[in-house]
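Note: the block below is run_20.pdb and it holds PDB, C-alpha atoms.
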```pdb
MODEL        1
ATOM      1  CA  MET A 521      24.787 -23.435  13.891  1.00  0.00           C
ATOM      2  CA  ASN A 522      23.446 -24.640  10.543  1.00  0.00           C
ATOM      3  CA  ARG A 523      21.084 -22.129   8.988  1.00  0.00           C
ATOM      4  CA  ASN A 524      18.426 -22.068   6.284  1.00  0.00           C
ATOM      5  CA  ILE A 525      19.383 -19.328   3.829  1.00  0.00           C
ATOM      6  CA  ILE A 526      17.591 -17.800   0.833  1.00  0.00           C
ATOM      7  CA  ILE A 527      19.761 -16.069  -1.778  1.00  0.00           C
ATOM      8  CA  THR A 528      18.207 -14.371  -4.805  1.00  0.00           C
ATOM      9  CA  GLY A 529      20.196 -14.195  -8.037  1.00  0.00           C
ATOM     10  CA  GLY A 530      22.440 -17.026  -6.882  1.00  0.00           C
ATOM     11  CA  ALA A 531      23.544 -18.521 -10.198  1.00  0.00           C
ATOM     12  CA  LYS A 532      26.523 -16.306 -11.023  1.00  0.00           C
ATOM     13  CA  GLY A 533      28.989 -13.765  -9.653  1.00  0.00           C
ATOM     14  CA  ILE A 534      28.529 -12.596  -6.073  1.00  0.00           C
ATOM     15  CA  GLY A 535      25.386 -14.684  -5.699  1.00  0.00           C
ATOM     16  CA  ALA A 536      27.119 -17.918  -6.705  1.00  0.00           C
ATOM     17  CA  ALA A 537      30.051 -17.170  -4.395  1.00  0.00           C
ATOM     18  CA  MET A 538      27.625 -16.764  -1.482  1.00  0.00           C
ATOM     19  CA  VAL A 539      25.728 -19.925  -2.385  1.00  0.00           C
ATOM     20  CA  GLU A 540      28.935 -21.941  -2.466  1.00  0.00           C
ATOM     21  CA  LEU A 541      30.404 -20.476   0.730  1.00  0.00           C
ATOM     22  CA  PHE A 542      27.250 -20.891   2.805  1.00  0.00           C
ATOM     23  CA  ALA A 543      26.544 -24.394   1.481  1.00  0.00           C
ATOM     24  CA  LYS A 544      30.084 -25.531   2.275  1.00  0.00           C
ATOM     25  CA  GLU A 545      29.640 -24.149   5.795  1.00  0.00           C
ATOM     26  CA  GLY A 546      26.879 -26.719   6.309  1.00  0.00           C
ATOM     27  CA  ASN A 547      23.868 -24.478   5.722  1.00  0.00           C
ATOM     28  CA  HIS A 548      20.789 -25.350   3.664  1.00  0.00           C
ATOM     29  CA  VAL A 549      20.764 -22.859   0.786  1.00  0.00           C
ATOM     30  CA  LEU A 550      17.835 -22.109  -1.477  1.00  0.00           C
ATOM     31  CA  PHE A 551      18.663 -19.791  -4.358  1.00  0.00           C
ATOM     32  CA  SER A 552      16.746 -18.279  -7.237  1.00  0.00           C
ATOM     33  CA  TYR A 553      17.790 -17.530 -10.779  1.00  0.00           C
ATOM     34  CA  ASN A 554      16.015 -16.054 -13.792  1.00  0.00           C
ATOM     35  CA  ASN A 555      17.968 -15.878 -17.051  1.00  0.00           C
ATOM     36  CA  SER A 556      20.860 -18.051 -15.862  1.00  0.00           C
ATOM     37  CA  GLU A 557      19.021 -21.359 -15.573  1.00  0.00           C
ATOM     38  CA  LYS A 558      21.799 -23.501 -17.071  1.00  0.00           C
ATOM     39  CA  VAL A 559      24.601 -22.244 -14.824  1.00  0.00           C
ATOM     40  CA  GLY A 560      22.279 -22.163 -11.818  1.00  0.00           C
ATOM     41  CA  THR A 561      21.257 -25.771 -12.330  1.00  0.00           C
ATOM     42  CA  GLU A 562      24.878 -26.818 -12.838  1.00  0.00           C
ATOM     43  CA  LEU A 563      25.926 -25.065  -9.615  1.00  0.00           C
ATOM     44  CA  ALA A 564      23.176 -26.784  -7.630  1.00  0.00           C
ATOM     45  CA  GLU A 565      24.008 -30.193  -9.114  1.00  0.00           C
ATOM     46  CA  LYS A 566      27.700 -29.710  -8.345  1.00  0.00           C
ATOM     47  CA  LEU A 567      27.088 -28.780  -4.701  1.00  0.00           C
ATOM     48  CA  ASN A 568      24.445 -31.450  -4.146  1.00  0.00           C
ATOM     49  CA  GLY A 569      26.890 -33.935  -5.639  1.00  0.00           C
ATOM     50  CA  GLU A 570      29.280 -32.992  -2.850  1.00  0.00           C
ATOM     51  CA  GLY A 571      26.646 -33.927  -0.291  1.00  0.00           C
ATOM     52  CA  LEU A 572      25.580 -30.340   0.423  1.00  0.00           C
ATOM     53  CA  LYS A 573      22.036 -29.034   0.800  1.00  0.00           C
ATOM     54  CA  VAL A 574      21.038 -26.764  -2.090  1.00  0.00           C
ATOM     55  CA  ASP A 575      17.649 -26.091  -3.694  1.00  0.00           C
ATOM     56  CA  THR A 576      16.842 -23.813  -6.610  1.00  0.00           C
ATOM     57  CA  ILE A 577      13.858 -22.090  -8.164  1.00  0.00           C
ATOM     58  CA  LYS A 578      13.417 -20.072 -11.343  1.00  0.00           C
ATOM     59  CA  ALA A 579      11.794 -16.722 -10.608  1.00  0.00           C
ATOM     60  CA  ASP A 580      11.533 -13.371 -12.369  1.00  0.00           C
ATOM     61  CA  LEU A 581      11.602 -11.156  -9.299  1.00  0.00           C
ATOM     62  CA  SER A 582      10.489  -8.094 -11.243  1.00  0.00           C
ATOM     63  CA  LYS A 583       7.048  -9.719 -11.017  1.00  0.00           C
ATOM     64  CA  ILE A 584       5.072  -9.782  -7.782  1.00  0.00           C
ATOM     65  CA  ALA A 585       3.634 -13.206  -8.654  1.00  0.00           C
ATOM     66  CA  ASP A 586       7.124 -14.700  -8.860  1.00  0.00           C
ATOM     67  CA  ILE A 587       8.151 -13.054  -5.597  1.00  0.00           C
ATOM     68  CA  GLN A 588       5.201 -14.775  -3.953  1.00  0.00           C
ATOM     69  CA  LYS A 589       6.096 -18.037  -5.707  1.00  0.00           C
ATOM     70  CA  LEU A 590       9.619 -17.881  -4.279  1.00  0.00           C
ATOM     71  CA  ALA A 591       8.350 -17.051  -0.789  1.00  0.00           C
ATOM     72  CA  ASN A 592       5.854 -19.936  -0.848  1.00  0.00           C
ATOM     73  CA  TYR A 593       8.474 -22.369  -2.144  1.00  0.00           C
ATOM     74  CA  ALA A 594      10.882 -21.349   0.598  1.00  0.00           C
ATOM     75  CA  LYS A 595       8.239 -21.879   3.270  1.00  0.00           C
ATOM     76  CA  GLU A 596       7.559 -25.360   1.872  1.00  0.00           C
ATOM     77  CA  LYS A 597      11.198 -26.439   1.571  1.00  0.00           C
ATOM     78  CA  LEU A 598      12.586 -24.920   4.780  1.00  0.00           C
ATOM     79  CA  ASP A 599      11.297 -25.649   8.275  1.00  0.00           C
ATOM     80  CA  ARG A 600      12.425 -22.164   9.275  1.00  0.00           C
ATOM     81  CA  ILE A 601      14.056 -19.230   7.481  1.00  0.00           C
ATOM     82  CA  ASP A 602      17.099 -17.818   9.201  1.00  0.00           C
ATOM     83  CA  VAL A 603      18.622 -15.596   6.515  1.00  0.00           C
ATOM     84  CA  LEU A 604      17.416 -13.739   3.422  1.00  0.00           C
ATOM     85  CA  ILE A 605      19.983 -12.229   1.066  1.00  0.00           C
ATOM     86  CA  ASN A 606      18.479  -9.938  -1.580  1.00  0.00           C
ATOM     87  CA  ASN A 607      21.108 -10.140  -4.306  1.00  0.00           C
ATOM     88  CA  ALA A 608      19.164 -10.257  -7.580  1.00  0.00           C
ATOM     89  CA  GLY A 609      19.817  -7.213  -9.728  1.00  0.00           C
ATOM     90  CA  ILE A 610      20.419  -5.824 -13.194  1.00  0.00           C
ATOM     91  CA  ASP A 611      22.385  -2.833 -14.469  1.00  0.00           C
ATOM     92  CA  GLN A 612      22.049  -0.431 -17.371  1.00  0.00           C
ATOM     93  CA  PHE A 613      24.516   2.011 -18.921  1.00  0.00           C
ATOM     94  CA  LYS A 614      22.592   4.789 -20.675  1.00  0.00           C
ATOM     95  CA  LEU A 615      22.431   8.575 -20.815  1.00  0.00           C
ATOM     96  CA  PHE A 616      19.833   9.943 -18.420  1.00  0.00           C
ATOM     97  CA  THR A 617      18.120  11.791 -21.294  1.00  0.00           C
ATOM     98  CA  ASP A 618      17.624   8.462 -23.104  1.00  0.00           C
ATOM     99  CA  ILE A 619      16.026   6.429 -20.334  1.00  0.00           C
ATOM    100  CA  THR A 620      12.442   5.269 -20.776  1.00  0.00           C
ATOM    101  CA  GLU A 621       9.534   4.374 -18.544  1.00  0.00           C
ATOM    102  CA  ASN A 622      10.185   0.720 -19.368  1.00  0.00           C
ATOM    103  CA  ASP A 623      13.804   1.117 -18.208  1.00  0.00           C
ATOM    104  CA  TRP A 624      12.529   2.513 -14.922  1.00  0.00           C
ATOM    105  CA  ASP A 625      10.071  -0.346 -14.415  1.00  0.00           C
ATOM    106  CA  GLU A 626      12.614  -3.038 -15.259  1.00  0.00           C
ATOM    107  CA  ILE A 627      15.446  -1.793 -13.048  1.00  0.00           C
ATOM    108  CA  ILE A 628      13.450  -0.505 -10.084  1.00  0.00           C
ATOM    109  CA  ASN A 629      11.198  -3.559 -10.006  1.00  0.00           C
ATOM    110  CA  THR A 630      14.084  -6.040 -10.286  1.00  0.00           C
ATOM    111  CA  ASN A 631      16.549  -4.351  -7.961  1.00  0.00           C
ATOM    112  CA  LEU A 632      14.448  -2.562  -5.362  1.00  0.00           C
ATOM    113  CA  ARG A 633      10.815  -3.667  -5.398  1.00  0.00           C
ATOM    114  CA  SER A 634      11.839  -7.334  -5.337  1.00  0.00           C
ATOM    115  CA  ALA A 635      13.923  -6.790  -2.194  1.00  0.00           C
ATOM    116  CA  VAL A 636      11.123  -4.879  -0.486  1.00  0.00           C
ATOM    117  CA  PHE A 637       8.298  -7.312  -1.195  1.00  0.00           C
ATOM    118  CA  LEU A 638      10.303 -10.504  -0.719  1.00  0.00           C
ATOM    119  CA  SER A 639      11.536  -9.128   2.604  1.00  0.00           C
ATOM    120  CA  LYS A 640       7.920  -8.369   3.503  1.00  0.00           C
ATOM    121  CA  GLU A 641       6.940 -11.999   2.984  1.00  0.00           C
ATOM    122  CA  ILE A 642       9.988 -13.569   4.618  1.00  0.00           C
ATOM    123  CA  SER A 643      10.119 -11.173   7.574  1.00  0.00           C
ATOM    124  CA  LYS A 644       6.685 -12.422   8.647  1.00  0.00           C
ATOM    125  CA  GLU A 645       8.290 -15.797   9.301  1.00  0.00           C
ATOM    126  CA  MET A 646      11.221 -14.193  11.091  1.00  0.00           C
ATOM    127  CA  VAL A 647       8.967 -12.109  13.325  1.00  0.00           C
ATOM    128  CA  ASN A 648       7.167 -15.263  14.413  1.00  0.00           C
ATOM    129  CA  GLN A 649      10.559 -16.848  15.176  1.00  0.00           C
ATOM    130  CA  LYS A 650      11.798 -13.705  16.956  1.00  0.00           C
ATOM    131  CA  GLN A 651      15.065 -14.103  15.060  1.00  0.00           C
ATOM    132  CA  GLY A 652      16.483 -13.515  11.604  1.00  0.00           C
ATOM    133  CA  CYS A 653      18.950 -11.749   9.352  1.00  0.00           C
ATOM    134  CA  ILE A 654      18.309  -9.848   6.124  1.00  0.00           C
ATOM    135  CA  ILE A 655      21.185  -8.695   3.914  1.00  0.00           C
ATOM    136  CA  ASN A 656      20.647  -6.442   0.905  1.00  0.00           C
ATOM    137  CA  ILE A 657      23.365  -6.446  -1.763  1.00  0.00           C
ATOM    138  CA  SER A 658      23.563  -2.816  -2.794  1.00  0.00           C
ATOM    139  CA  SER A 659      26.401  -1.008  -4.609  1.00  0.00           C
ATOM    140  CA  ILE A 660      28.951   1.727  -4.149  1.00  0.00           C
ATOM    141  CA  TRP A 661      26.836   3.655  -6.674  1.00  0.00           C
ATOM    142  CA  GLY A 662      24.054   3.775  -4.118  1.00  0.00           C
ATOM    143  CA  ILE A 663      26.452   5.823  -1.979  1.00  0.00           C
ATOM    144  CA  THR A 664      28.142   8.017  -4.594  1.00  0.00           C
ATOM    145  CA  GLY A 665      25.923   7.798  -7.682  1.00  0.00           C
ATOM    146  CA  ALA A 666      27.287   6.957 -11.137  1.00  0.00           C
ATOM    147  CA  SER A 667      27.141   8.889 -14.383  1.00  0.00           C
ATOM    148  CA  CYS A 668      25.110   7.074 -17.038  1.00  0.00           C
ATOM    149  CA  GLU A 669      23.817   4.652 -14.397  1.00  0.00           C
ATOM    150  CA  VAL A 670      21.177   6.888 -12.855  1.00  0.00           C
ATOM    151  CA  LEU A 671      18.413   4.303 -12.547  1.00  0.00           C
ATOM    152  CA  TYR A 672      20.792   1.703 -11.109  1.00  0.00           C
ATOM    153  CA  SER A 673      22.098   4.272  -8.621  1.00  0.00           C
ATOM    154  CA  ILE A 674      18.535   5.175  -7.615  1.00  0.00           C
ATOM    155  CA  SER A 675      17.649   1.527  -7.050  1.00  0.00           C
ATOM    156  CA  LYS A 676      20.693   0.898  -4.856  1.00  0.00           C
ATOM    157  CA  SER A 677      20.340   4.138  -2.898  1.00  0.00           C
ATOM    158  CA  GLY A 678      16.729   3.164  -2.274  1.00  0.00           C
ATOM    159  CA  MET A 679      17.876  -0.232  -1.064  1.00  0.00           C
ATOM    160  CA  ASP A 680      20.190   1.428   1.468  1.00  0.00           C
ATOM    161  CA  GLY A 681      17.369   3.623   2.771  1.00  0.00           C
ATOM    162  CA  PHE A 682      15.139   0.569   2.958  1.00  0.00           C
ATOM    163  CA  THR A 683      17.847  -1.228   4.948  1.00  0.00           C
ATOM    164  CA  LYS A 684      18.082   1.506   7.574  1.00  0.00           C
ATOM    165  CA  ALA A 685      14.335   1.886   8.005  1.00  0.00           C
ATOM    166  CA  LEU A 686      13.623  -1.836   8.157  1.00  0.00           C
ATOM    167  CA  ALA A 687      16.445  -2.396  10.652  1.00  0.00           C
ATOM    168  CA  LYS A 688      14.732  -0.010  13.060  1.00  0.00           C
ATOM    169  CA  GLU A 689      11.323  -1.582  12.584  1.00  0.00           C
ATOM    170  CA  LEU A 690      12.409  -5.209  12.953  1.00  0.00           C
ATOM    171  CA  SER A 691      14.951  -4.764  15.731  1.00  0.00           C
ATOM    172  CA  LEU A 692      12.362  -5.462  18.447  1.00  0.00           C
ATOM    173  CA  SER A 693      11.891  -8.908  16.894  1.00  0.00           C
ATOM    174  CA  ASN A 694      15.637  -9.600  17.029  1.00  0.00           C
ATOM    175  CA  ILE A 695      15.979  -9.338  13.254  1.00  0.00           C
ATOM    176  CA  ARG A 696      19.080  -7.648  11.880  1.00  0.00           C
ATOM    177  CA  VAL A 697      19.035  -5.867   8.516  1.00  0.00           C
ATOM    178  CA  ASN A 698      22.198  -4.680   6.784  1.00  0.00           C
ATOM    179  CA  SER A 699      23.389  -3.696   3.343  1.00  0.00           C
ATOM    180  CA  ILE A 700      26.606  -4.610   1.546  1.00  0.00           C
ATOM    181  CA  ALA A 701      27.611  -1.996  -1.037  1.00  0.00           C
ATOM    182  CA  PRO A 702      30.420  -3.533  -3.107  1.00  0.00           C
ATOM    183  CA  GLY A 703      32.893  -1.445  -5.047  1.00  0.00           C
ATOM    184  CA  ALA A 704      34.500  -2.741  -8.247  1.00  0.00           C
ATOM    185  CA  ILE A 705      34.076  -6.516  -8.217  1.00  0.00           C
ATOM    186  CA  ASP A 706      35.314  -8.831 -10.964  1.00  0.00           C
ATOM    187  CA  THR A 707      31.958 -10.127 -12.257  1.00  0.00           C
ATOM    188  CA  ASP A 708      30.121 -10.312 -15.588  1.00  0.00           C
ATOM    189  CA  MET A 709      28.374  -7.038 -14.736  1.00  0.00           C
ATOM    190  CA  ASN A 710      31.743  -5.270 -14.922  1.00  0.00           C
ATOM    191  CA  LYS A 711      33.199  -7.165 -17.871  1.00  0.00           C
ATOM    192  CA  ASP A 712      32.899  -4.195 -20.258  1.00  0.00           C
ATOM    193  CA  VAL A 713      34.428  -1.498 -18.040  1.00  0.00           C
ATOM    194  CA  ILE A 714      37.956  -0.204 -18.581  1.00  0.00           C
ATOM    195  CA  LYS A 715      39.529  -1.869 -15.574  1.00  0.00           C
ATOM    196  CA  GLU A 716      42.870  -0.074 -15.749  1.00  0.00           C
ATOM    197  CA  GLU A 717      41.201   3.319 -15.259  1.00  0.00           C
ATOM    198  CA  ILE A 718      39.225   2.141 -12.260  1.00  0.00           C
ATOM    199  CA  ILE A 719      42.148   0.301 -10.671  1.00  0.00           C
ATOM    200  CA  SER A 720      44.208   3.499 -10.834  1.00  0.00           C
ATOM    201  CA  GLU A 721      41.636   5.101  -8.476  1.00  0.00           C
ATOM    202  CA  ILE A 722      41.547   2.221  -5.957  1.00  0.00           C
ATOM    203  CA  PRO A 723      44.142   2.478  -3.158  1.00  0.00           C
ATOM    204  CA  LEU A 724      44.504  -1.309  -2.927  1.00  0.00           C
ATOM    205  CA  GLY A 725      45.126  -1.354  -6.682  1.00  0.00           C
ATOM    206  CA  LYS A 726      42.819  -4.191  -7.669  1.00  0.00           C
ATOM    207  CA  PHE A 727      39.257  -5.294  -8.261  1.00  0.00           C
ATOM    208  CA  GLY A 728      37.548  -7.272  -5.543  1.00  0.00           C
ATOM    209  CA  LYS A 729      36.458 -10.878  -5.982  1.00  0.00           C
ATOM    210  CA  PRO A 730      32.951 -12.256  -5.504  1.00  0.00           C
ATOM    211  CA  GLU A 731      34.371 -14.297  -2.628  1.00  0.00           C
ATOM    212  CA  ASP A 732      35.256 -11.053  -0.806  1.00  0.00           C
ATOM    213  CA  ILE A 733      31.590 -10.101  -0.708  1.00  0.00           C
ATOM    214  CA  ALA A 734      30.564 -13.620   0.287  1.00  0.00           C
ATOM    215  CA  LYS A 735      32.914 -13.447   3.277  1.00  0.00           C
ATOM    216  CA  CYS A 736      31.401 -10.107   4.295  1.00  0.00           C
ATOM    217  CA  ALA A 737      27.925 -11.636   4.108  1.00  0.00           C
ATOM    218  CA  LYS A 738      29.080 -14.556   6.252  1.00  0.00           C
ATOM    219  CA  TRP A 739      30.310 -12.150   8.912  1.00  0.00           C
ATOM    220  CA  LEU A 740      27.001 -10.262   8.914  1.00  0.00           C
ATOM    221  CA  VAL A 741      25.080 -13.519   9.282  1.00  0.00           C
ATOM    222  CA  GLU A 742      27.197 -14.600  12.254  1.00  0.00           C
ATOM    223  CA  ASP A 743      27.488 -11.218  13.977  1.00  0.00           C
ATOM    224  CA  GLU A 744      24.805 -10.423  16.545  1.00  0.00           C
ATOM    225  CA  TYR A 745      25.252  -6.698  17.146  1.00  0.00           C
ATOM    226  CA  THR A 746      25.357  -5.072  13.710  1.00  0.00           C
ATOM    227  CA  THR A 747      22.164  -3.750  12.138  1.00  0.00           C
ATOM    228  CA  GLY A 748      21.099  -0.864   9.915  1.00  0.00           C
ATOM    229  CA  GLN A 749      24.593  -0.527   8.455  1.00  0.00           C
ATOM    230  CA  ILE A 750      25.798   0.044   4.892  1.00  0.00           C
ATOM    231  CA  ILE A 751      29.115  -1.804   4.623  1.00  0.00           C
ATOM    232  CA  SER A 752      31.151  -1.090   1.508  1.00  0.00           C
ATOM    233  CA  PRO A 753      34.045  -3.424   0.634  1.00  0.00           C
ATOM    234  CA  ASN A 754      35.656  -1.297  -2.069  1.00  0.00           C
ATOM    235  CA  GLY A 755      39.431  -1.421  -1.688  1.00  0.00           C
ATOM    236  CA  GLY A 756      39.487   2.152  -0.404  1.00  0.00           C
ATOM    237  CA  TRP A 757      37.892   3.510  -3.586  1.00  0.00           C
ATOM    238  CA  VAL A 758      35.502   5.507  -1.381  1.00  0.00           C
ATOM    239  CA  ILE A 759      36.596   6.311   2.161  1.00  0.00           C
TER     240      ILE A 759
ENDMDL
END
```
Using the file provided, produce a representation of the structure as structure tokens.
Amino acid sequence: MNRNIIITGGAKGIGAAMVELFAKEGNHVLFSYNNSEKVGTELAEKLNGEGLKVDTIKADLSKIADIQKLANYAKEKLDRIDVLINNAGIDQFKLFTDITENDWDEIINTNLRSAVFLSKEISKEMVNQKQGCIINISSIWGITGASCEVLYSISKSGMDGFTKALAKELSLSNIRVNSIAPGAIDTDMNKDVIKEEIISEIPLGKFGKPEDIAKCAKWLVEDEYTTGQIISPNGGWVI
């Protein structure tokens, strides 16, 4: 079954891996980007050049107006919306005692509020269809918390709670809601970490790849009996 899929933050890393995998599976993918316009445009041009169906839109999802812009664009471009993947997110490494109100607004609005309010808009379409799938890309830090990443951990923990609550509410409309909480994945977000120290704590002895998370998302899209779950591909880092 070919699906219409929205992916936020689809220009790089995990987002780009999901865009590419789903497009190559024959789905129509619409993805957003914000600061990565060049690489996002290049990805879309590459995939469209291969005869695949990919649309893009620039949107700053920390802003409610841009969330609405993305939702309206998706409704115009897609005859139905089968899947929403809330992937857009930013990180920050800072002592808790140094964080500011602006830090809070930027991270919580981008990571959590965007997922909540975009899901609100898109789920209306899914309720009318009596079918749909929402996947929130969380983090292992939403499960365990991370020193010097308090705001990021809060945003991802909130996303997991949102996932569980929304799964219960939308289940009667045959809409599944799940969260993927990746461990250490080899992306730009983790380019400055000391990989050797982290790898020594991971039983499988390696970082994950963005494609590993994309494959997990594909399974959740295709599965019909999993909802309200926080699935953490992390190499055994947290068991």
* To do: Please provide as a PyMOL selection string all residues within 10 Å of range 682-698 of chain A, with the sequence filter that same-chain residues fewer than 3 positions apart are discarded (counting only C-alpha atoms).
  => chain A and resi 602-605+632+635-636+639-640+643+646-658+676-679+701+737+740-741+743-751
* To do: I would like the residues chosen by the PyMOL selection byres ((chain A and resi 539) around 8) on the shown file; could you give them as a ChimeraX atom specification?
  => /A:527,530,535-538,540-543,549,551
* Using only C-alpha atoms: which of A:Glu565, A:Trp757, A:Thr620, A:Met709 has the shortest distance to Gly725 in chain A ->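 Among A:Glu565, A:Trp757, A:Thr620, A:Met709, it is A:Trp757 that comes nearest to Gly725 in chain A.
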* Asked: Can you list, as a list in words, every protein, DNA or RNA residue that comes within 10 Å of Gly560 in chain A when you count all atoms listed in the file, leaving out same-chain residues fewer than 3 positions away?
  ->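 Near Gly560 in chain A, the qualifying residues are Gly529, Gly530, Ala531, Lys532, Ala536, Phe551, Ser552, Tyr553, Asn554, Asn555, Ser556, Glu557, Leu563, Ala564, Glu565, Lys566, Thr576, Ile577 and Lys578 of chain A.
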* **Nearest to Leu550 in chain A, chosen from A:Glu721, A:Asp680, A:Glu626, A:Glu596, with all atoms listed in the file counted in the distances** =>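 For Leu550 in chain A, the nearest of the given residues is A:Glu596.
When the PyMOL selection byres ((chain A and resi 545) around 12) is evaluated on the file shown here, the picked residues come out as Met521, Asn522, Arg523, Asn524, Ile525, Met538, Val539, Glu540, Leu541, Phe542, Ala543, Lys544, Gly546, Asn547, His548, Val549, Leu567, Gly571, Leu572, Lys573, Val574, Ala734, Lys735, Lys738 and Glu742 of chain A.
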Selection file, C-alpha atoms, as a PDB file, keeping the file's coordinate frame:
```pdb
ATOM      1  CA  MET A 521      24.787 -23.435  13.891  1.00  0.00           C
ATOM      2  CA  ASN A 522      23.446 -24.640  10.543  1.00  0.00           C
ATOM      3  CA  ARG A 523      21.084 -22.129   8.988  1.00  0.00           C
ATOM      4  CA  ASN A 524      18.426 -22.068   6.284  1.00  0.00           C
ATOM      5  CA  ILE A 525      19.383 -19.328   3.829  1.00  0.00           C
ATOM      6  CA  MET A 538      27.625 -16.764  -1.482  1.00  0.00           C
ATOM      7  CA  VAL A 539      25.728 -19.925  -2.385  1.00  0.00           C
ATOM      8  CA  GLU A 540      28.935 -21.941  -2.466  1.00  0.00           C
ATOM      9  CA  LEU A 541      30.404 -20.476   0.730  1.00  0.00           C
ATOM     10  CA  PHE A 542      27.250 -20.891   2.805  1.00  0.00           C
ATOM     11  CA  ALA A 543      26.544 -24.394   1.481  1.00  0.00           C
ATOM     12  CA  LYS A 544      30.084 -25.531   2.275  1.00  0.00           C
ATOM     13  CA  GLY A 546      26.879 -26.719   6.309  1.00  0.00           C
ATOM     14  CA  ASN A 547      23.868 -24.478   5.722  1.00  0.00           C
ATOM     15  CA  HIS A 548      20.789 -25.350   3.664  1.00  0.00           C
ATOM     16  CA  VAL A 549      20.764 -22.859   0.786  1.00  0.00           C
ATOM     17  CA  LEU A 567      27.088 -28.780  -4.701  1.00  0.00           C
ATOM     18  CA  GLY A 571      26.646 -33.927  -0.291  1.00  0.00           C
ATOM     19  CA  LEU A 572      25.580 -30.340   0.423  1.00  0.00           C
ATOM     20  CA  LYS A 573      22.036 -29.034   0.800  1.00  0.00           C
ATOM     21  CA  VAL A 574      21.038 -26.764  -2.090  1.00  0.00           C
ATOM     22  CA  ALA A 734      30.564 -13.620   0.287  1.00  0.00           C
ATOM     23  CA  LYS A 735      32.914 -13.447   3.277  1.00  0.00           C
ATOM     24  CA  LYS A 738      29.080 -14.556   6.252  1.00  0.00           C
ATOM     25  CA  GLU A 742      27.197 -14.600  12.254  1.00  0.00           C
TER      26      GLU A 742
END
```
* In Å, how far is it from CA of Glu669 in chain A to CA of Ile705 in chain A? ->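 About the pair CA of Glu669 in chain A and CA of Ile705 in chain A: they are 16.4 Å apart.
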* Residues selected by the PyMOL selection byres ((chain A and resi 584-586) around 12), written as JSON, numbers by chain -> {"A": [528, 552, 553, 554, 577, 578, 579, 580, 581, 582, 583, 587, 588, 589, 590, 591, 592, 593, 629, 630, 633, 634, 635, 636, 637, 638, 640, 641]}
* Radius query 9 Å about (34.0, 0.1, -8.8), atoms used: all atoms listed in the file, as a VMD selection string -> chain A and resid 659 to 661 702 to 705 710 715 718 to 719 722 727 to 728 754 757
* Of the candidates A:Ile619, A:Ile663, A:Ala594, A:Ile627, which shows the shortest atom-to-atom distance to Val758 in chain A, using all atoms listed in the file? ->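 Among the listed residues, the smallest separation from Val758 in chain A belongs to A:Ile663.
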Would you place a box with edges along x, y and z of the file around all atoms of range 739-751 of chain A listed there, add 6 Å to each of its six sides, and report the centre and edge lengths in Å to one decimal, as lines of an AutoDock Vina configuration file?
```
center_x = 25.7
center_y = -7.3
center_z = 10.9
size_x = 21.2
size_y = 26.6
size_z = 24.5
```
* Asked: CA of Ile628 in chain A to CA of Ser675 in chain A: how many Å, to one decimal?
  ->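 Spanning CA of Ile628 in chain A to CA of Ser675 in chain A is a straight-line distance of 5.6 Å.
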* CA of Gln612 in chain A to CA of Thr664 in chain A, straight-line distance in Å ->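 These two atoms are separated by 16.5 Å.
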* Structure fact -> Residue with the minimum atom-to-atom distance to Glu731 in chain A, picked from A:Asn606, A:Asn631, A:Asp706, A:Asn568 with only C-alpha atoms counted, is A:Asp706
* Asked: Looking at A:Ile610, A:Ile714, A:Ile733, A:Ile700, which one is nearest to Ser673 in chain A, with distances taken over all atoms listed in the file?
  -> A:Ile610
* Asked: Mind listing as a PyMOL selection string all residues within 6 Å of (28.5, -12.0, -7.3), counting all atoms listed in the file?
  -> chain A and resi 533-535+730
